[in-house]
Every structure is written in structure tokens, then in C-alpha cells.
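Student: As input, take final08.cif (mmCIF, C-alpha atoms):
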data_entry
#
loop_
_atom_site.label_atom_id
_atom_site.label_comp_id
_atom_site.auth_asym_id
_atom_site.auth_seq_id
_atom_site.Cartn_x
_atom_site.Cartn_y
_atom_site.Cartn_z
CA MET Q 1 -11.62 -43.93 -148.99
CA GLY Q 2 -13.35 -47.27 -148.55
CA LYS Q 3 -14.30 -48.37 -145.06
CA THR Q 4 -14.05 -51.87 -143.71
CA LEU Q 5 -16.78 -53.82 -141.99
CA LYS Q 6 -16.18 -57.19 -140.39
CA VAL Q 7 -18.71 -59.53 -138.82
CA GLU Q 8 -17.51 -62.43 -136.71
CA MET Q 9 -20.15 -64.88 -135.63
CA THR Q 10 -20.21 -68.00 -133.51
CA MET Q 11 -23.14 -70.35 -134.09
CA ASN Q 12 -24.52 -73.25 -132.15
CA VAL Q 13 -24.91 -75.44 -135.20
CA SER Q 14 -27.20 -78.11 -133.76
CA GLU Q 15 -29.66 -75.47 -132.53
CA GLY Q 16 -29.09 -73.13 -135.46
CA ARG Q 17 -28.68 -70.20 -133.12
CA ILE Q 18 -26.21 -67.35 -132.90
CA VAL Q 19 -24.00 -67.63 -129.82
CA ASN Q 20 -22.02 -64.45 -130.30
CA VAL Q 21 -21.51 -61.78 -132.93
CA THR Q 22 -18.99 -58.95 -133.22
CA ILE Q 23 -19.38 -56.12 -135.72
CA SER Q 24 -16.10 -54.26 -136.18
CA GLY Q 25 -14.32 -51.93 -138.58
CA ASP Q 26 -13.37 -48.33 -139.27
CA PHE Q 27 -16.87 -47.11 -140.10
CA PHE Q 28 -18.94 -44.72 -137.98
CA ALA Q 29 -22.23 -45.37 -136.18
CA TYR Q 30 -24.54 -42.77 -134.63
CA PRO Q 31 -25.09 -43.31 -131.78
CA SER Q 32 -22.10 -45.62 -131.54
CA GLU Q 33 -23.33 -47.71 -128.58
CA THR Q 34 -26.45 -48.78 -130.45
CA LEU Q 35 -24.44 -51.26 -132.49
CA GLU Q 36 -23.42 -53.03 -129.29
CA GLU Q 37 -27.04 -53.21 -128.20
CA LEU Q 38 -27.73 -54.84 -131.55
CA GLU Q 39 -24.93 -57.38 -131.01
CA LEU Q 40 -26.43 -58.33 -127.67
CA GLU Q 41 -29.97 -58.51 -128.97
CA ILE Q 42 -29.21 -61.01 -131.71
CA ARG Q 43 -27.46 -63.42 -129.38
CA GLY Q 44 -29.44 -66.61 -129.03
CA LYS Q 45 -31.48 -65.88 -132.17
CA THR Q 46 -31.56 -67.70 -135.50
CA VAL Q 47 -30.08 -65.97 -138.53
CA GLU Q 48 -33.59 -65.24 -139.87
CA GLU Q 49 -34.65 -63.70 -136.55
CA ALA Q 50 -31.42 -61.68 -136.44
CA LEU Q 51 -32.05 -60.23 -139.90
CA LYS Q 52 -35.52 -59.06 -138.81
CA ILE Q 53 -34.09 -57.48 -135.67
CA ILE Q 54 -31.50 -55.62 -137.74
CA ASP Q 55 -34.30 -54.20 -139.90
CA ASP Q 56 -35.85 -52.79 -136.72
CA TYR Q 57 -32.61 -50.87 -136.09
CA GLU Q 58 -33.05 -48.82 -139.28
CA GLY Q 59 -33.97 -45.41 -137.94
CA ARG Q 60 -32.39 -46.14 -134.55
CA VAL Q 61 -28.80 -46.03 -135.74
CA LYS Q 62 -27.16 -44.38 -138.73
CA LEU Q 63 -24.06 -46.00 -140.14
CA VAL Q 64 -21.60 -43.93 -142.16
CA GLY Q 65 -19.09 -45.74 -144.36
CA ALA Q 66 -21.12 -48.96 -144.08
CA SER Q 67 -24.80 -49.86 -143.77
CA LEU Q 68 -27.09 -52.17 -141.84
CA GLN Q 69 -27.75 -53.88 -145.18
CA ASP Q 70 -24.02 -54.70 -145.32
CA VAL Q 71 -24.22 -56.09 -141.78
CA LYS Q 72 -27.20 -58.27 -142.76
CA GLN Q 73 -25.38 -59.56 -145.81
CA LEU Q 74 -22.32 -60.52 -143.77
CA ILE Q 75 -24.45 -62.25 -141.13
CA GLN Q 76 -26.26 -64.22 -143.84
CA GLN Q 77 -22.90 -65.17 -145.34
CA ALA Q 78 -21.49 -66.20 -141.98
CA GLY Q 79 -24.61 -68.25 -141.31
CA ARG Q 80 -24.07 -70.18 -144.53
CA GLU Q 81 -20.47 -71.10 -143.78
CA LYS Q 82 -19.78 -74.79 -143.37
CA PRO Q 83 -19.86 -75.80 -139.71
CA ASP Q 84 -17.09 -78.37 -140.03
CA ARG Q 85 -14.57 -75.72 -141.02
CA LYS Q 86 -11.64 -75.71 -138.65
CA SER Q 87 -11.12 -72.38 -137.00
CA PRO Q 88 -7.65 -70.99 -137.63
CA ALA Q 89 -5.44 -71.85 -134.68
CA MET H 90 -20.86 -16.30 -131.25
CA ALA H 91 -17.64 -16.57 -129.27
CA TRP H 92 -15.51 -19.70 -129.50
CA ARG H 93 -12.66 -20.73 -127.25
CA LEU H 94 -9.25 -21.53 -128.70
CA ILE H 95 -7.21 -23.92 -126.62
CA ILE H 96 -3.70 -25.02 -127.52
CA ASP H 97 -2.16 -27.71 -125.34
CA GLN H 98 -0.49 -31.09 -125.24
CA GLY H 99 -0.54 -34.28 -123.27
CA ASP H 100 -0.18 -38.03 -123.40
CA VAL H 101 -2.61 -40.16 -125.39
CA TYR H 102 -4.91 -41.00 -122.44
CA TRP H 103 -5.11 -37.40 -121.28
CA ASN H 104 -5.77 -36.11 -124.78
CA MET H 105 -8.63 -38.52 -125.38
CA ALA H 106 -10.03 -37.89 -121.90
CA LEU H 107 -10.04 -34.13 -122.45
CA ASP H 108 -11.84 -34.47 -125.78
CA GLU H 109 -14.54 -36.62 -124.20
CA ALA H 110 -14.82 -34.26 -121.22
CA MET H 111 -15.35 -31.36 -123.61
CA LEU H 112 -18.10 -33.24 -125.48
CA LEU H 113 -19.90 -34.11 -122.25
CA LEU H 114 -19.64 -30.59 -120.87
CA ARG H 115 -20.66 -28.95 -124.14
CA GLU H 116 -23.75 -31.12 -124.14
CA GLU H 117 -24.56 -29.82 -120.65
CA ASN H 118 -23.85 -26.26 -121.75
CA ARG H 119 -21.04 -25.96 -119.20
CA ILE H 120 -18.49 -24.80 -121.80
CA PRO H 121 -18.71 -22.79 -125.03
CA ASN H 122 -17.91 -24.04 -128.52
CA THR H 123 -14.21 -24.83 -128.64
CA LEU H 124 -11.43 -25.29 -131.16
CA ARG H 125 -8.65 -27.25 -129.52
CA LEU H 126 -5.27 -27.75 -131.21
CA TYR H 127 -2.97 -30.21 -129.53
CA VAL H 128 0.03 -32.44 -129.75
CA PHE H 129 0.66 -35.94 -128.45
CA ASP H 130 3.64 -35.97 -126.14
CA PRO H 131 4.98 -38.64 -126.34
CA SER H 132 4.02 -39.85 -129.83
CA ALA H 133 1.14 -42.33 -129.64
CA VAL H 134 -1.54 -44.27 -131.49
CA THR H 135 -5.33 -44.03 -131.31
CA PHE H 136 -7.80 -46.33 -133.02
CA GLY H 137 -11.52 -46.27 -133.74
CA TYR H 138 -14.34 -47.14 -131.36
CA HIS H 139 -15.54 -50.10 -133.47
CA GLN H 140 -12.13 -51.46 -134.45
CA LYS H 141 -10.64 -54.67 -133.21
CA LEU H 142 -7.28 -53.81 -131.68
CA GLU H 143 -5.56 -56.59 -133.63
CA ASP H 144 -6.93 -55.30 -136.94
CA ALA H 145 -5.95 -51.70 -136.23
CA VAL H 146 -2.43 -51.69 -134.82
CA ASP H 147 0.71 -53.79 -134.53
CA GLU H 148 0.40 -54.28 -130.79
CA GLY H 149 3.66 -56.20 -130.46
CA TYR H 150 5.59 -53.37 -132.08
CA LEU H 151 3.88 -50.71 -129.95
CA VAL H 152 4.59 -52.59 -126.72
CA ARG H 153 8.21 -53.28 -127.68
CA ARG H 154 8.78 -49.63 -128.56
CA GLY H 155 6.80 -48.30 -125.61
CA VAL H 156 4.38 -46.38 -127.85
CA GLY H 157 1.15 -45.66 -125.94
CA PHE H 158 -2.17 -46.50 -127.56
CA THR H 159 -5.84 -46.28 -126.74
CA ARG H 160 -9.31 -46.58 -128.24
CA ARG H 161 -11.23 -43.42 -129.14
CA ILE H 162 -14.91 -42.73 -128.48
CA THR H 163 -15.12 -41.84 -132.16
CA GLY H 164 -15.31 -44.33 -135.01
CA GLY H 165 -12.92 -44.47 -137.93
CA GLY H 166 -9.48 -45.99 -138.27
CA SER H 167 -6.13 -46.03 -136.53
CA VAL H 168 -3.94 -42.93 -136.35
CA TYR H 169 -0.26 -42.41 -135.56
CA HIS H 170 0.17 -39.14 -133.68
CA ASP H 171 3.77 -38.07 -134.24
CA LYS H 172 4.88 -35.61 -131.57
CA LEU H 173 7.11 -33.79 -134.04
CA GLY H 174 5.06 -34.12 -137.19
CA GLU H 175 1.38 -33.89 -136.50
CA VAL H 176 -1.19 -31.52 -135.03
CA THR H 177 -4.52 -32.87 -133.82
CA TYR H 178 -7.59 -30.67 -133.73
CA SER H 179 -10.89 -31.04 -131.91
CA VAL H 180 -13.98 -29.08 -132.67
CA VAL H 181 -16.56 -29.24 -129.89
CA ALA H 182 -19.80 -27.47 -130.70
CA LEU H 183 -23.54 -27.60 -130.65
CA ILE H 184 -24.73 -29.65 -133.60
CA ASP H 185 -26.96 -26.76 -134.66
CA ASP H 186 -23.91 -24.51 -134.94
CA VAL H 187 -22.40 -26.92 -137.50
CA SER H 188 -24.99 -29.12 -139.25
CA GLN H 189 -27.55 -31.74 -138.23
CA ASP H 190 -26.61 -33.68 -141.36
CA ILE H 191 -23.67 -35.94 -140.42
CA GLU H 192 -21.96 -36.03 -143.82
CA LYS H 193 -22.35 -32.26 -144.20
CA SER H 194 -20.89 -31.59 -140.78
CA TYR H 195 -17.80 -33.66 -141.66
CA GLU H 196 -17.38 -31.68 -144.85
CA LEU H 197 -17.86 -28.36 -143.12
CA ILE H 198 -15.32 -29.00 -140.38
CA CYS H 199 -12.84 -30.69 -142.75
CA GLY H 200 -13.18 -27.52 -144.83
CA GLY H 201 -11.11 -25.86 -142.11
CA LEU H 202 -8.25 -28.24 -142.91
CA VAL H 203 -8.61 -27.65 -146.65
CA TYR H 204 -8.37 -23.88 -146.08
CA ALA H 205 -5.42 -24.35 -143.73
CA ILE H 206 -3.51 -26.42 -146.29
CA GLU H 207 -4.28 -23.89 -149.02
CA GLU H 208 -2.99 -21.18 -146.71
CA LEU H 209 0.30 -23.08 -146.68
CA GLY H 210 0.40 -23.07 -150.46
CA LEU H 211 -0.94 -26.50 -151.46
CA GLU H 212 -4.14 -27.63 -153.10
CA ALA H 213 -6.22 -29.87 -150.89
CA GLU H 214 -9.39 -31.83 -151.41
CA PHE H 215 -12.03 -33.18 -149.04
CA ARG H 216 -12.78 -36.83 -149.77
CA PRO H 217 -15.96 -38.08 -148.09
CA VAL H 218 -16.51 -39.37 -145.50
CA ASN H 219 -13.61 -38.05 -143.45
CA ASP H 220 -10.36 -37.62 -145.36
CA VAL H 221 -8.42 -34.65 -146.68
CA LEU H 222 -6.04 -35.35 -149.54
CA VAL H 223 -3.15 -33.54 -151.18
CA GLY H 224 -2.26 -34.87 -154.63
CA ASN H 225 -4.53 -37.87 -154.04
CA LYS H 226 -2.71 -38.90 -150.86
CA LYS H 227 -4.08 -38.61 -147.37
CA VAL H 228 -2.73 -35.91 -145.04
CA SER H 229 -5.65 -35.91 -142.64
CA GLY H 230 -8.36 -38.15 -141.24
CA SER H 231 -11.16 -37.05 -138.94
CA ALA H 232 -13.74 -38.72 -136.74
CA GLN H 233 -16.91 -37.41 -135.17
CA ALA H 234 -18.99 -38.43 -132.18
CA ARG H 235 -22.34 -36.97 -131.20
CA LYS H 236 -24.06 -36.76 -127.88
CA ARG H 237 -27.59 -35.39 -127.99
CA ASN H 238 -27.21 -31.76 -129.11
CA ALA H 239 -23.40 -31.63 -129.15
CA LEU H 240 -20.65 -32.98 -131.36
CA LEU H 241 -16.96 -33.66 -131.07
CA GLN H 242 -14.94 -33.95 -134.23
CA HIS H 243 -11.26 -34.57 -133.93
CA GLY H 244 -8.65 -35.33 -136.54
CA THR H 245 -5.04 -35.29 -137.52
CA LEU H 246 -3.02 -33.09 -139.84
CA MET H 247 0.33 -34.59 -140.78
CA TYR H 248 2.89 -31.92 -141.57
CA ASP H 249 6.07 -33.92 -140.99
CA THR H 250 5.01 -37.31 -139.60
CA SER H 251 7.49 -40.14 -139.91
CA LEU H 252 5.62 -42.27 -142.44
CA GLU H 253 8.01 -45.16 -141.81
CA GLU H 254 7.07 -45.20 -138.12
CA LEU H 255 3.40 -44.77 -139.01
CA ALA H 256 3.54 -47.83 -141.28
CA ARG H 257 5.21 -49.86 -138.52
CA CYS H 258 2.64 -48.90 -135.87
CA LEU H 259 -0.59 -49.26 -137.83
CA LYS H 260 -2.21 -52.13 -139.65
CA ALA H 261 -4.41 -51.60 -142.65
CA PRO H 262 -6.62 -54.51 -143.69
CA LYS H 263 -5.47 -56.18 -146.87
CA GLU H 264 -8.86 -55.76 -148.53
CA LYS H 265 -8.76 -52.05 -147.90
CA LEU H 266 -5.34 -51.65 -149.49
CA ASP H 267 -6.39 -53.81 -152.44
CA SER H 268 -9.39 -51.60 -152.98
CA HIS H 269 -7.06 -48.64 -153.21
CA ARG H 270 -4.72 -50.48 -155.55
CA VAL H 271 -1.76 -49.71 -153.38
CA ARG H 272 0.38 -52.20 -151.56
CA SER H 273 1.19 -50.35 -148.41
CA ILE H 274 -0.02 -47.64 -146.10
CA ARG H 275 3.13 -45.76 -147.04
CA GLU H 276 1.89 -45.27 -150.59
CA ARG H 277 -1.41 -43.66 -149.71
CA VAL H 278 -0.38 -41.09 -147.12
CA THR H 279 1.85 -38.04 -147.32
CA THR H 280 2.84 -35.00 -145.27
CA LEU H 281 2.71 -31.28 -145.92
CA SER H 282 6.51 -31.09 -145.72
CA LEU H 283 6.92 -33.80 -148.38
CA GLU H 284 4.43 -32.11 -150.67
CA LEU H 285 5.91 -28.65 -150.22
CA GLY H 286 9.51 -29.86 -150.44
CA ARG H 287 10.49 -27.99 -147.30
CA LYS H 288 10.23 -28.47 -143.54
CA VAL H 289 6.95 -27.06 -142.34
CA THR H 290 6.89 -26.05 -138.68
CA ARG H 291 4.24 -26.84 -136.09
CA ASP H 292 3.82 -23.15 -135.48
CA GLU H 293 2.92 -22.26 -139.03
CA VAL H 294 0.58 -25.26 -139.27
CA MET H 295 -1.27 -24.20 -136.13
CA LYS H 296 -1.59 -20.63 -137.37
CA ALA H 297 -2.97 -21.86 -140.68
CA MET H 298 -5.42 -24.18 -138.88
CA ILE H 299 -6.72 -21.36 -136.70
CA LYS H 300 -7.33 -19.27 -139.80
CA GLY H 301 -8.79 -22.21 -141.73
CA PHE H 302 -11.27 -23.34 -139.07
CA GLY H 303 -12.24 -19.74 -138.44
CA LYS H 304 -13.17 -19.38 -142.10
CA ALA H 305 -14.87 -22.79 -142.42
CA LEU H 306 -16.97 -22.39 -139.29
CA GLY H 307 -17.65 -18.68 -139.66
CA ILE H 308 -16.06 -17.94 -136.30
CA ARG H 309 -15.79 -14.20 -135.76
CA ASP H 310 -14.60 -14.23 -132.21
CA LEU H 311 -11.98 -16.84 -131.26
CA LYS H 312 -10.65 -16.27 -127.75
CA PRO H 313 -7.43 -17.93 -126.57
CA SER H 314 -8.42 -19.75 -123.43
CA LYS H 315 -7.70 -22.55 -120.99
CA HIS H 316 -9.69 -25.58 -119.86
CA SER H 317 -11.95 -24.91 -116.87
CA PRO H 318 -11.28 -26.61 -113.51
CA GLU H 319 -14.46 -28.65 -114.08
CA GLU H 320 -13.16 -29.86 -117.45
CA LEU H 321 -9.79 -30.82 -116.00
CA LYS H 322 -11.42 -32.68 -113.14
CA LEU H 323 -13.70 -34.66 -115.46
CA ALA H 324 -10.78 -35.40 -117.79
CA GLN H 325 -8.76 -36.64 -114.84
CA LYS H 326 -11.54 -39.12 -114.09
CA LEU H 327 -12.01 -40.19 -117.72
CA ARG H 328 -8.26 -40.67 -118.17
CA ARG H 329 -8.51 -43.85 -116.09
CA LYS H 330 -10.93 -45.33 -118.63
CA TYR H 331 -8.57 -44.64 -121.51
CA MET H 332 -5.74 -46.37 -119.63
CA SER H 333 -7.82 -49.42 -118.73
CA ARG H 334 -7.42 -52.78 -120.45
CA GLU H 335 -11.18 -53.13 -120.37
CA TRP H 336 -11.58 -50.13 -122.69
CA ILE H 337 -8.54 -50.70 -124.90
CA TYR H 338 -9.18 -54.41 -125.48
CA ARG H 339 -12.97 -54.34 -125.57
CA ARG H 340 -12.92 -55.68 -129.12
#
Could you render the structure from this file as C-alpha cells?
Tutor:
Amino acid sequence: MGKTLKVEMTMNVSEGRIVNVTISGDFFAYPSETLEELELEIRGKTVEEALKIIDDYEGRVKLVGASLQDVKQLIQQAGREKPDRKSPA
Amino acid sequence: MAWRLIIDQGDVYWNMALDEAMLLLREENRIPNTLRLYVFDPSAVTFGYHQKLEDAVDEGYLVRRGVGFTRRITGGGSVYHDKLGEVTYSVVALIDDVSQDIEKSYELICGGLVYAIEELGLEAEFRPVNDVLVGNKKVSGSAQARKRNALLQHGTLMYDTSLEELARCLKAPKEKLDSHRVRSIRERVTTLSLELGRKVTRDEVMKAMIKGFGKALGIRDLKPSKHSPEELKLAQKLRRKYMSREWIYRR
């Protein structure tokens, strides 16, 4: 059955940098901790830099039920979201 | 090669601690390959390593009802472990004794559940990555973790789970349900008792699982056994992690 993958990202809009990112869902990652290393590594980076870093993780981590390509797509999407959007209270 | 068979029960923190202890000790070659069959007493909820608690379970309901819950070291989704309606299995083995290929190893181990269900007189089907279905509804989900040369795969087999309670405890993301074209968790899961039209007992399910995993994993020698003192000691230590807010709420 289909797996879910969710990327939540906080950006510093004026600097265009990622403040925080959380990758969550009911997929599998081998080894599982590597995804957290990835989350930490893309903090403080621009979206473009983050996408390159994620490419470097191909071969370091295997996702099952989702893919690093999916993660990249969601980060790109999140990066394009309008900054003036009110966060749900 | 000889495998251990361990049948036991415990609370949710203890059960998860023991599974992790077995993985760590298998990796260090301190224990043999093991098939563990166990029950959650009291009934409880586990959810996947990468899940956000709020996306996986109805925390308010669990707290109000005093249902224990913790995060697993394995990925995958949330599970309701019904004391009176579900048997959980763990397979702890060297990866080479199962398969290096992750998808294949899921299929191989889940094959034990398919055989077990067939033994009980139903047709079952493995649905990649990690589900076993009867009549297109889920009766089992599994999750695997690997540590160097060892693996732990654990999973549930629902023989008489209260699906009403399951639906109250767990949350399924709306997108996921939409993709299955069903409106509720209740419509995509079933139990062996419902499918067979009679009450299946824990005892017969366990017997069928022992036979099924034996066949799927080519186990010739399955010895009833107990956890070693070293295992129990390590589990005792790990249990604290599974009870900690830091672990449960980490995302």
C-alpha cells in the first residue's frame, strides 16, 4: 500500500536559507539514522545547495516506499511556497 | 542451522526494548537466530521511526484511555497491538541467512505469515513492501531494521483485533486513505476471525506461525528457548529509552 512522505521546512526568507527541515512518514530508510544526518546537513543551506547534498546521499541511504528524488521534489516545492503565507495557528 | 523460538509477553516498552536488544546482540554474535512470538499486555500502540507522533496516533485518545504507546526503531506506520486479538512476531537473524536484498527479505519473512494464514484455511497475499492481505484487506504489517550484518523484522498478525478500537487509536493520513479509495482505516483492515467467520484462538495462530516461518525460512531446527540474562539486562536498560519523552516525541 502507498507510503506517505512529508517534508516540513522553515526558511529564512531574506537570506534564502533553510532554517530547519523534518522528513517524516511511514516509509523505511536504511540505515534509518542517515536521514537525520541529512536533515542536519541541509540546515543553513539554500534550496539549490540542499538538492546537491541530497544527491550525495544516493548510495549512502536506501529508501523503501519513498525515494530521495521524492524528498528533493518536496523540498523544491516547499522552497517555492509564498513566504507571506500565515502558518496555521 | 538451529534457531531459537521464544514465546513471551510484556508491556509496549519492554517488548520494543527486547526486540532492539536481540538485534544488537545478534549483530555481536551473542545470540543465535531467533523467532520470537509475543503479545502486548496491556494492549498498546507502536509507531514508525520516521513518523510524527501527531500524524500517527490520536494521542489525546490514548492518554485518556491509558493506552501505552512508543516509537519503534523500525520504519513503517502505526500499529494497534490488541492483547486479545493480535500476535506480534520478530525475526532476528543474520542478513545472509535471509537476503541482502531488502525487498526480497521482506517478502521472504512475510512468506511465513502467508503460509501461517493458509494453514488456518484462508488465502493470503504478500503486498510489497510490507503488508499481508486477505481478500484485499490488511491483516498484517511488518517493519525491518538492519544493523551491519544483522536484521530485525517484526510485525503484527491480527486474528481478532478490535477494529473499532484500532480506528480510534490510530490516525491514517487523509492522502493515504484517498489513494486507497476508502474512507476509513476500518475499511482496509480485517482479522482472521472475521474472514473465517469463527473465533480464532491465539494458540492456533501461534502454532500456524511457527509452522509458517519454519517453512518460509527453511528452519529445520527450532528450539523452544528463553532470553539470556545478557539479553534481559540490555532490554532492561533500553526500556528506559522507550519510556522517555525524548524518544517518543522526537518528531
Student: Please evaluate the PyMOL selection byres ((chain H) within 6 of (chain Q)) against the structure above and give the resulting residues as a ChimeraX atom specification.
Tutor: /H:139-140,164-166
Student: Show me, as a list of chain:residue names, the residues that have an atom within 7 Å of region 50-61 of chain Q when counting only C-alpha atoms, minus same-chain residues fewer than 3 positions from it.
Tutor: Q:Ala29, Q:Tyr30, Q:Pro31, Q:Thr34, Q:Ile42, Q:Lys45, Q:Thr46, Q:Val47, Q:Leu68, Q:Lys72
Student: One decimal, Å: what's the distance from CA of Ser333 (chain H) over to CA of Glu41 (chain Q), could you say?
Tutor: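 One can read the CA of Ser333 (chain H) to CA of Glu41 (chain Q) distance as 26.0 Å.
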Student: Output the residue selection produced by the PyMOL selection byres ((chain H and resi 190-205) around 8) on the file above, formatted as a ChimeraX atom specification.
Tutor: /H:180,187-189,206-209,212-215,217-221,231,233,242,246,294,297-306
Student: If you apply the PyMOL selection byres ((chain H and resi 121-125) around 9) to this file, what residues do you get, as a ChimeraX atom specification?
Tutor: /H:90-97,108,111,114-115,118-120,126-127,177-183,186,243,299,302,311
Student: Centre and edge lengths of an axis-aligned box around all listed atoms of region 46-53 of chain Q, with 3 Å added on each side, are to be given in Å to one decimal, as JSON.
Tutor:
{"center_x": -32.8, "center_y": -62.6, "center_z": -137.7, "size_x": 11.4, "size_y": 16.2, "size_z": 10.4}
Student: Distance cut-off 8 Å, centre (-9.7, -49.2, -131.1) in file coordinates, counting all atoms listed in the file: which residues qualify? Return them as a PyMOL selection string.
Tutor: chain H and resi 135-142+145+159-161+166-167+337-338+340
Student: Only C-alpha atoms, please: the residues just picked out, written as a PDB file, keeping the file's coordinate frame.
Tutor:
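New file selection39.pdb:
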ATOM      1  CA  THR H 135      -5.330 -44.030-131.310  1.00  0.00           C
ATOM      2  CA  PHE H 136      -7.800 -46.330-133.020  1.00  0.00           C
ATOM      3  CA  GLY H 137     -11.520 -46.270-133.740  1.00  0.00           C
ATOM      4  CA  TYR H 138     -14.340 -47.140-131.360  1.00  0.00           C
ATOM      5  CA  HIS H 139     -15.540 -50.100-133.470  1.00  0.00           C
ATOM      6  CA  GLN H 140     -12.130 -51.460-134.450  1.00  0.00           C
ATOM      7  CA  LYS H 141     -10.640 -54.670-133.210  1.00  0.00           C
ATOM      8  CA  LEU H 142      -7.280 -53.810-131.680  1.00  0.00           C
ATOM      9  CA  ALA H 145      -5.950 -51.700-136.230  1.00  0.00           C
ATOM     10  CA  THR H 159      -5.840 -46.280-126.740  1.00  0.00           C
ATOM     11  CA  ARG H 160      -9.310 -46.580-128.240  1.00  0.00           C
ATOM     12  CA  ARG H 161     -11.230 -43.420-129.140  1.00  0.00           C
ATOM     13  CA  GLY H 166      -9.480 -45.990-138.270  1.00  0.00           C
ATOM     14  CA  SER H 167      -6.130 -46.030-136.530  1.00  0.00           C
ATOM     15  CA  ILE H 337      -8.540 -50.700-124.900  1.00  0.00           C
ATOM     16  CA  TYR H 338      -9.180 -54.410-125.480  1.00  0.00           C
ATOM     17  CA  ARG H 340     -12.920 -55.680-129.120  1.00  0.00           C
TER      18      ARG H 340
END
Student: Give me the residues near Arg43 (chain Q) as an NGL selection string, where near means some atom within 7 Å (using all atoms listed in the file) and where sequence neighbours in that chain fewer than 2 positions away do not count.
Tutor: :Q and (18-20 or 39-41 or 45)
Student: If you measure from CA of Gly157 (chain H) to CA of Lys315 (chain H), what distance in Å do you get, rounded to one decimal?
Tutor: 25.2 Å
Student: Distance CA of Asp292 (chain H)-CA of Glu175 (chain H), one decimal place?
Tutor: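 Computing it gives 11.1 Å between the two atoms.
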Student: Scan for residues within 12 Å of the point (-13.2, -40.1, -120.5) in the coordinates of the file, using all atoms listed in the file, and reply as an MDAnalysis selection string.
Tutor: chainID H and resid 101:114 159:163 320:333 336
Student: Could you check which of Q:Ala78, Q:Gln69, Q:Val21, Q:Glu49 is closest to Glu37 (chain Q), using only C-alpha atoms?
Tutor: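 Using only C-alpha atoms, the shortest distance to Glu37 (chain Q) belongs to Q:Val21.
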Student: Looking at all atoms listed in the file, which of H:Met295, H:Leu259, H:Ala232, H:Val289 is the one that sits closest to Gly149 (chain H)?
Tutor: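 So, comparing all the options, the nearest one is H:Leu259.
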Student: Any idea what's packed within 7 Å of Gly99 (chain H), counting only C-alpha atoms, ignoring anything in its chain fewer than 6 positions away? Could you give it as a JSON list (two decimals) with C-alpha atoms, in the coordinates of the input?
Tutor:
[["chain", "number", "residue", "atom", "x", "y", "z"],
["H", 128, "VAL", "CA", 0.03, -32.44, -129.75],
["H", 129, "PHE", "CA", 0.66, -35.94, -128.45],
["H", 130, "ASP", "CA", 3.64, -35.97, -126.14]]
Student: Show me, as a list in words, the residues that have an atom within 9 Å of Leu151 (chain H) when counting all atoms listed in the file, minus same-chain residues fewer than 6 positions from it.
Tutor: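 Residues meeting the cut-off are Ala133, Val134, Gly157, Phe158, Arg257 and Cys258 of chain H.
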Student: Could the residues in this selection be written to a file with C-alpha atoms, as a PDB file, keeping the file's coordinate frame?
Tutor:
ATOM      1  CA  ALA H 133       1.140 -42.330-129.640  1.00  0.00           C
ATOM      2  CA  VAL H 134      -1.540 -44.270-131.490  1.00  0.00           C
ATOM      3  CA  GLY H 157       1.150 -45.660-125.940  1.00  0.00           C
ATOM      4  CA  PHE H 158      -2.170 -46.500-127.560  1.00  0.00           C
ATOM      5  CA  ARG H 257       5.210 -49.860-138.520  1.00  0.00           C
ATOM      6  CA  CYS H 258       2.640 -48.900-135.870  1.00  0.00           C
TER       7      CYS H 258
END
Student: Missing atoms in region 13-24 of chain Q: can you complete it with N, CA, C and O atoms, as an mmCIF file, in the coordinates of the input?
Tutor:
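The file below, result24.cif, is the result:
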data_model
loop_
_atom_site.group_PDB
_atom_site.id
_atom_site.type_symbol
_atom_site.label_atom_id
_atom_site.label_comp_id
_atom_site.auth_asym_id
_atom_site.auth_seq_id
_atom_site.Cartn_x
_atom_site.Cartn_y
_atom_site.Cartn_z
ATOM 1 N N VAL Q 13 -24.443 -74.873 -133.936
ATOM 2 C CA VAL Q 13 -24.910 -75.440 -135.200
ATOM 3 C C VAL Q 13 -26.122 -76.356 -134.996
ATOM 4 O O VAL Q 13 -27.071 -76.321 -135.770
ATOM 5 N N SER Q 14 -26.092 -77.158 -133.931
ATOM 6 C CA SER Q 14 -27.200 -78.110 -133.760
ATOM 7 C C SER Q 14 -28.515 -77.375 -133.486
ATOM 8 O O SER Q 14 -29.573 -77.810 -133.929
ATOM 9 N N GLU Q 15 -28.434 -76.240 -132.792
ATOM 10 C CA GLU Q 15 -29.660 -75.470 -132.530
ATOM 11 C C GLU Q 15 -29.932 -74.420 -133.588
ATOM 12 O O GLU Q 15 -31.011 -73.822 -133.613
ATOM 13 N N GLY Q 16 -28.925 -74.162 -134.441
ATOM 14 C CA GLY Q 16 -29.090 -73.130 -135.460
ATOM 15 C C GLY Q 16 -29.225 -71.737 -134.876
ATOM 16 O O GLY Q 16 -29.933 -70.895 -135.424
ATOM 17 N N ARG Q 17 -28.571 -71.529 -133.761
ATOM 18 C CA ARG Q 17 -28.680 -70.200 -133.120
ATOM 19 C C ARG Q 17 -27.324 -69.502 -133.018
ATOM 20 O O ARG Q 17 -26.279 -70.152 -132.905
ATOM 21 N N ILE Q 18 -27.411 -68.170 -133.013
ATOM 22 C CA ILE Q 18 -26.210 -67.350 -132.900
ATOM 23 C C ILE Q 18 -25.772 -67.309 -131.431
ATOM 24 O O ILE Q 18 -26.565 -66.985 -130.557
ATOM 25 N N VAL Q 19 -24.522 -67.676 -131.186
ATOM 26 C CA VAL Q 19 -24.000 -67.630 -129.820
ATOM 27 C C VAL Q 19 -23.420 -66.245 -129.536
ATOM 28 O O VAL Q 19 -23.639 -65.662 -128.490
ATOM 29 N N ASN Q 20 -22.697 -65.729 -130.497
ATOM 30 C CA ASN Q 20 -22.020 -64.450 -130.300
ATOM 31 C C ASN Q 20 -21.759 -63.806 -131.656
ATOM 32 O O ASN Q 20 -21.499 -64.504 -132.634
ATOM 33 N N VAL Q 21 -21.835 -62.482 -131.691
ATOM 34 C CA VAL Q 21 -21.510 -61.780 -132.930
ATOM 35 C C VAL Q 21 -20.774 -60.486 -132.597
ATOM 36 O O VAL Q 21 -21.091 -59.820 -131.608
ATOM 37 N N THR Q 22 -19.743 -60.196 -133.383
ATOM 38 C CA THR Q 22 -18.990 -58.950 -133.220
ATOM 39 C C THR Q 22 -18.950 -58.209 -134.549
ATOM 40 O O THR Q 22 -18.555 -58.776 -135.565
ATOM 41 N N ILE Q 23 -19.394 -56.960 -134.515
ATOM 42 C CA ILE Q 23 -19.380 -56.120 -135.720
ATOM 43 C C ILE Q 23 -18.258 -55.105 -135.528
ATOM 44 O O ILE Q 23 -18.306 -54.301 -134.602
ATOM 45 N N SER Q 24 -17.230 -55.163 -136.373
ATOM 46 C CA SER Q 24 -16.100 -54.260 -136.180
ATOM 47 C C SER Q 24 -15.659 -53.635 -137.486
ATOM 48 O O SER Q 24 -16.051 -54.068 -138.569
#
